[in-house]
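Student: Attaching a single structure in structure tokens format; questions to follow.
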Amino acid sequence: DVVVDMNEFTSRHHTHRQKSCKHPLVQARNQAQGQYLAAIRSNQLVFGLGPAGTGKTFCATAMAVEAFERREVSHIIFTRPANEAGESLGFLPGKVSEKLEPYFAVFHGYLTDMLGRGVVECAMKKGYIRFESLAYMRGKTFDDAFLILDEAQNCTRLQLKMFLTRIGERSRVIINGDTRQTDIGAGSGLLDAANRLQGLNSVYIHEFECSDIVRSGLVKTIMSRYEQTVYQGPLQG
């Protein structure tokens with residue numbers, strides 16, 4: 001295991017906020033990702049809209065880690081709605097932190113790959129990296145933080161409004177989701193929020209297309225087929 005002196009890390013992180021000369025943690029795999037990364041570097045609030053497999057979550061996590069390592073922010077906050085399959089956190093077993101684990105496994109894996117397990121565990125223990133339930137964010141303000149809201153297509157309009165009003169001073173925010181793939185029906189607040197905030201200073205809305213998928217060739221063709229065809233009912237045979 002990696003041993004990290006968090007006392008030294010804390011002092012260095014809070015008293016020396018100059019930018020380091022480290023290389024970026026992620027390189028764009030296509031033009032769409034390049035535009036998305038550039039938008040994150042130059043805007044305070046960025047919406048990443050588009051289908052699964054375009055690299056939205058990975059790019060957002062990498063940019064948060066990059067800002068954290070360069071002392072541009074002191075905290076990384078990940079959140080997402082926990083309502084897939086009609087469940088809520090209250091119906092899952094264990095403590096709140098244990099309930100959150102399945103929802104943030106992808107983020108945790110990316111962080112471990114980028115920073116190392118020891119650094120991630122220590123940063124989480126000290127509260128520099130946190131996984132927050134969207135349901136428990138009301139009343140909080142996040143200053144000097146990099147916030148990522150993932151799967152935002154499953155947020156209601158009120159949830160999106162509540163989240164957006166948590167943004168404090170010196171914070172940067174990414175909101176990712178696919179407006180065409182929501183688990184809550186017509187009540188999704190993602191497109192509503194993007195439409196309301198479009199054109200505001202330091203707000204950027206990036207839209208990925210199926211052609212921008214980088215996960216695999218098969219995923220790209222599957223998503224293209226879903227985009228091109230209308231469901232005809234069960235196959236006959």
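Please note that chains go A, B, ... in the order of the structure tokens, that every chain numbers its residues from 1, and that ligands are numbered from 1 in the order shown.
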May I have all residues of segment 51-177 of chain A that DSSP, computed from the backbone, assigns to alpha helix (DSSP H), given as a PyMOL selection string?

Tutor: chain A and resi 56-69+96-100+105-115+117-126+157-164

Student: Mind checking which residues fall within 8 Å of Arg80 of chain A, counting only C-alpha atoms, ignoring those fewer than 4 positions away in the same chain, and posting them as a ChimeraX atom specification?

Tutor: /A:103,132-134,149-152

Student: Atoms to include: N, CA, C and O atoms. Write the selected residues as a PDB file, in the first residue's frame.

Tutor:
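The new file out15.pdb reads:
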```pdb
ATOM      1  N   TYR A 103     -23.244   3.390  -6.054  1.00  0.00           N
ATOM      2  CA  TYR A 103     -23.499   4.491  -6.968  1.00  0.00           C
ATOM      3  C   TYR A 103     -22.214   5.212  -7.390  1.00  0.00           C
ATOM      4  O   TYR A 103     -22.176   5.857  -8.433  1.00  0.00           O
ATOM      5  N   GLU A 132     -21.184  12.559  -2.040  1.00  0.00           N
ATOM      6  CA  GLU A 132     -22.327  13.148  -1.339  1.00  0.00           C
ATOM      7  C   GLU A 132     -23.637  12.672  -1.962  1.00  0.00           C
ATOM      8  O   GLU A 132     -23.770  12.625  -3.186  1.00  0.00           O
ATOM      9  N   SER A 133     -24.585  12.335  -1.117  1.00  0.00           N
ATOM     10  CA  SER A 133     -25.925  12.017  -1.599  1.00  0.00           C
ATOM     11  C   SER A 133     -26.634  13.299  -1.993  1.00  0.00           C
ATOM     12  O   SER A 133     -26.684  14.260  -1.222  1.00  0.00           O
ATOM     13  N   LEU A 134     -27.188  13.321  -3.175  1.00  0.00           N
ATOM     14  CA  LEU A 134     -27.922  14.495  -3.623  1.00  0.00           C
ATOM     15  C   LEU A 134     -29.095  14.787  -2.691  1.00  0.00           C
ATOM     16  O   LEU A 134     -29.457  15.941  -2.469  1.00  0.00           O
ATOM     17  N   LEU A 149     -21.805  16.397 -10.848  1.00  0.00           N
ATOM     18  CA  LEU A 149     -23.116  15.763 -10.757  1.00  0.00           C
ATOM     19  C   LEU A 149     -23.270  14.872 -11.978  1.00  0.00           C
ATOM     20  O   LEU A 149     -23.316  15.361 -13.106  1.00  0.00           O
ATOM     21  N   ASP A 150     -23.339  13.562 -11.750  1.00  0.00           N
ATOM     22  CA  ASP A 150     -23.427  12.600 -12.849  1.00  0.00           C
ATOM     23  C   ASP A 150     -24.843  12.040 -12.932  1.00  0.00           C
ATOM     24  O   ASP A 150     -25.605  12.110 -11.960  1.00  0.00           O
ATOM     25  N   GLU A 151     -25.179  11.482 -14.099  1.00  0.00           N
ATOM     26  CA  GLU A 151     -26.513  10.908 -14.330  1.00  0.00           C
ATOM     27  C   GLU A 151     -27.608  11.928 -14.020  1.00  0.00           C
ATOM     28  O   GLU A 151     -28.658  11.604 -13.450  1.00  0.00           O
ATOM     29  N   ALA A 152     -27.379  13.161 -14.406  1.00  0.00           N
ATOM     30  CA  ALA A 152     -28.295  14.248 -14.052  1.00  0.00           C
ATOM     31  C   ALA A 152     -29.636  14.162 -14.772  1.00  0.00           C
ATOM     32  O   ALA A 152     -30.571  14.868 -14.397  1.00  0.00           O
TER      33      ALA A 152
END
```

Student: Taking only segment 3-225 of chain A into account, list the residues labelled strand (DSSP E or B) by DSSP (computed from the backbone), as number ranges by chain.

Tutor: A: 45-49, 75-80, 129-133, 142, 145-149, 156, 167, 172-177, 188, 203-207

Student: How about saving the chosen residues, N, CA and C atoms kept, as a compact mmCIF listing (two decimals), in the first residue's frame?

Tutor:
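Printed below is part_12.txt as written:
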```txt
# COMPACT_ATOMS: atom_id res chain seq x y z
N LEU A 45 -19.13 26.55 -14.91
CA LEU A 45 -20.19 25.55 -14.95
C LEU A 45 -20.30 24.99 -16.36
N VAL A 46 -20.18 23.66 -16.47
CA VAL A 46 -20.23 23.00 -17.77
C VAL A 46 -21.26 21.87 -17.72
N PHE A 47 -22.12 21.84 -18.71
CA PHE A 47 -23.04 20.72 -18.91
C PHE A 47 -22.44 19.80 -19.97
N GLY A 48 -22.35 18.51 -19.67
CA GLY A 48 -21.95 17.52 -20.66
C GLY A 48 -23.14 16.65 -21.00
N LEU A 49 -23.74 16.87 -22.16
CA LEU A 49 -24.96 16.17 -22.55
C LEU A 49 -24.64 15.19 -23.67
N HIS A 75 -11.26 20.71 -2.53
CA HIS A 75 -12.12 19.55 -2.36
C HIS A 75 -12.66 19.08 -3.71
N ILE A 76 -12.92 17.79 -3.80
CA ILE A 76 -13.63 17.21 -4.93
C ILE A 76 -14.90 16.58 -4.37
N ILE A 77 -16.04 16.95 -4.93
CA ILE A 77 -17.33 16.44 -4.47
C ILE A 77 -18.02 15.74 -5.64
N PHE A 78 -18.35 14.47 -5.44
CA PHE A 78 -19.11 13.72 -6.43
C PHE A 78 -20.52 13.49 -5.92
N THR A 79 -21.50 13.65 -6.79
CA THR A 79 -22.87 13.35 -6.41
C THR A 79 -23.64 12.86 -7.62
N ARG A 80 -24.75 12.19 -7.35
CA ARG A 80 -25.64 11.72 -8.40
C ARG A 80 -26.94 11.27 -7.75
N ILE A 129 -11.84 14.50 -0.62
CA ILE A 129 -12.63 13.87 -1.67
C ILE A 129 -13.85 13.26 -0.99
N ARG A 130 -15.05 13.64 -1.49
CA ARG A 130 -16.26 13.17 -0.83
C ARG A 130 -17.29 12.71 -1.86
N PHE A 131 -18.02 11.68 -1.49
CA PHE A 131 -19.18 11.23 -2.24
C PHE A 131 -20.40 11.67 -1.46
N GLU A 132 -21.18 12.56 -2.04
CA GLU A 132 -22.33 13.15 -1.34
C GLU A 132 -23.64 12.67 -1.96
N SER A 133 -24.58 12.34 -1.12
CA SER A 133 -25.92 12.02 -1.60
C SER A 133 -26.63 13.30 -1.99
N PHE A 142 -20.88 24.68 -1.05
CA PHE A 142 -19.57 24.11 -1.35
C PHE A 142 -18.66 25.19 -1.92
N ALA A 145 -14.35 24.19 -4.27
CA ALA A 145 -14.54 22.78 -4.55
C ALA A 145 -14.78 22.55 -6.05
N PHE A 146 -14.51 21.33 -6.46
CA PHE A 146 -14.83 20.88 -7.81
C PHE A 146 -15.96 19.88 -7.67
N LEU A 147 -17.15 20.24 -8.15
CA LEU A 147 -18.33 19.41 -7.99
C LEU A 147 -18.69 18.74 -9.31
N ILE A 148 -19.00 17.44 -9.22
CA ILE A 148 -19.45 16.69 -10.39
C ILE A 148 -20.79 16.05 -10.07
N LEU A 149 -21.80 16.40 -10.85
CA LEU A 149 -23.12 15.76 -10.76
C LEU A 149 -23.27 14.87 -11.98
N THR A 156 -34.89 15.69 -10.85
CA THR A 156 -36.07 16.50 -11.13
C THR A 156 -35.65 17.97 -11.29
N ILE A 167 -23.66 25.93 -5.13
CA ILE A 167 -22.37 26.36 -5.65
C ILE A 167 -21.88 27.57 -4.86
N ARG A 172 -15.98 25.04 -9.09
CA ARG A 172 -16.21 24.68 -10.48
C ARG A 172 -17.14 23.48 -10.51
N VAL A 173 -18.02 23.43 -11.52
CA VAL A 173 -19.09 22.45 -11.52
C VAL A 173 -19.26 21.81 -12.90
N ILE A 174 -19.44 20.49 -12.89
CA ILE A 174 -19.76 19.76 -14.11
C ILE A 174 -21.06 18.99 -13.87
N ILE A 175 -21.98 19.10 -14.80
CA ILE A 175 -23.24 18.37 -14.75
C ILE A 175 -23.33 17.51 -16.00
N ASN A 176 -23.33 16.19 -15.83
CA ASN A 176 -23.34 15.26 -16.95
C ASN A 176 -24.65 14.48 -17.00
N GLY A 177 -25.08 14.15 -18.20
CA GLY A 177 -26.25 13.31 -18.35
C GLY A 177 -26.69 13.16 -19.79
N SER A 188 -37.70 15.01 -15.92
CA SER A 188 -36.27 15.27 -15.82
C SER A 188 -35.97 16.76 -15.89
N VAL A 203 -20.87 29.80 -18.32
CA VAL A 203 -21.64 28.56 -18.41
C VAL A 203 -21.52 28.03 -19.84
N TYR A 204 -21.16 26.76 -19.96
CA TYR A 204 -20.97 26.16 -21.29
C TYR A 204 -21.76 24.86 -21.37
N ILE A 205 -22.45 24.66 -22.48
CA ILE A 205 -23.23 23.44 -22.69
C ILE A 205 -22.63 22.68 -23.86
N HIS A 206 -22.09 21.50 -23.57
CA HIS A 206 -21.46 20.70 -24.62
C HIS A 206 -22.35 19.49 -24.91
N GLU A 207 -22.62 19.27 -26.18
CA GLU A 207 -23.47 18.15 -26.59
C GLU A 207 -22.66 17.13 -27.38
```

Student: Using only C-alpha atoms for the distances, tell me which of A:Val73, A:Leu200, A:Arg157, A:Glu169 is nearest to Gly187 of chain A.

Tutor: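 Between A:Val73, A:Leu200, A:Arg157, A:Glu169, the residue approaching Gly187 of chain A most closely is A:Arg157.
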
Student: Just to confirm, what's the straight-line distance from atom CA of Glu72 of chain A to atom CA of Leu164 of chain A in Å (one decimal)?

Tutor: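 Going from atom CA of Glu72 of chain A over to atom CA of Leu164 of chain A, I get 20.2 Å.
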
Student: Residues at most 10 Å from Met63 of chain A, counting only C-alpha atoms, excluding those fewer than 6 positions away in the same chain, as a list in words?

Tutor: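 Within the cut-off, the hits are Pro24, Leu25, Val26, Leu37, Ile40, Arg41, Thr57, Glu69, Phe146 and Ile174 of chain A.
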
Student: Residues as selected, N, CA and C atoms, written as a JSON list (two decimals), in the first residue's frame, can you do that?

Tutor:
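As a result, selection09.json now contains:
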```json
[["chain", "number", "residue", "atom", "x", "y", "z"],
["A", 24, "PRO", "N", -1.45, 17.12, -18.17],
["A", 24, "PRO", "CA", -2.86, 16.78, -17.98],
["A", 24, "PRO", "C", -3.04, 15.28, -17.78],
["A", 25, "LEU", "N", -4.02, 14.90, -16.96],
["A", 25, "LEU", "CA", -4.26, 13.49, -16.68],
["A", 25, "LEU", "C", -4.99, 12.79, -17.82],
["A", 26, "VAL", "N", -5.60, 13.54, -18.69],
["A", 26, "VAL", "CA", -6.37, 12.92, -19.77],
["A", 26, "VAL", "C", -6.09, 13.65, -21.07],
["A", 37, "LEU", "N", -13.11, 19.16, -22.74],
["A", 37, "LEU", "CA", -12.03, 19.44, -21.80],
["A", 37, "LEU", "C", -11.66, 20.92, -21.79],
["A", 40, "ILE", "N", -14.25, 22.85, -19.86],
["A", 40, "ILE", "CA", -14.13, 22.68, -18.41],
["A", 40, "ILE", "C", -13.01, 23.57, -17.86],
["A", 41, "ARG", "N", -11.93, 23.69, -18.61],
["A", 41, "ARG", "CA", -10.79, 24.49, -18.14],
["A", 41, "ARG", "C", -11.11, 25.99, -18.14],
["A", 57, "THR", "N", -17.94, 11.00, -17.91],
["A", 57, "THR", "CA", -17.60, 10.80, -16.50],
["A", 57, "THR", "C", -16.09, 10.74, -16.30],
["A", 69, "GLU", "N", -4.87, 18.55, -7.87],
["A", 69, "GLU", "CA", -3.41, 18.43, -7.78],
["A", 69, "GLU", "C", -2.72, 19.78, -8.01],
["A", 146, "PHE", "N", -14.51, 21.33, -6.46],
["A", 146, "PHE", "CA", -14.83, 20.88, -7.81],
["A", 146, "PHE", "C", -15.96, 19.88, -7.67],
["A", 174, "ILE", "N", -19.44, 20.49, -12.89],
["A", 174, "ILE", "CA", -19.76, 19.76, -14.11],
["A", 174, "ILE", "C", -21.06, 18.99, -13.87]]
```

Student: Here is a test: counting only C-alpha atoms, which residue of A:Asp143, A:Asp183, A:Asp178, A:Asp192 is nearest to Gly53 of chain A?

Tutor: A:Asp178

Student: Identify which of the residues A:Thr165, A:Phe208, A:His108, A:Ser42 lies closest to Ala67 of chain A, counting only C-alpha atoms when measuring atom-to-atom distances.

Tutor: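 Among the listed residues, A:Ser42 lies closest to Ala67 of chain A.
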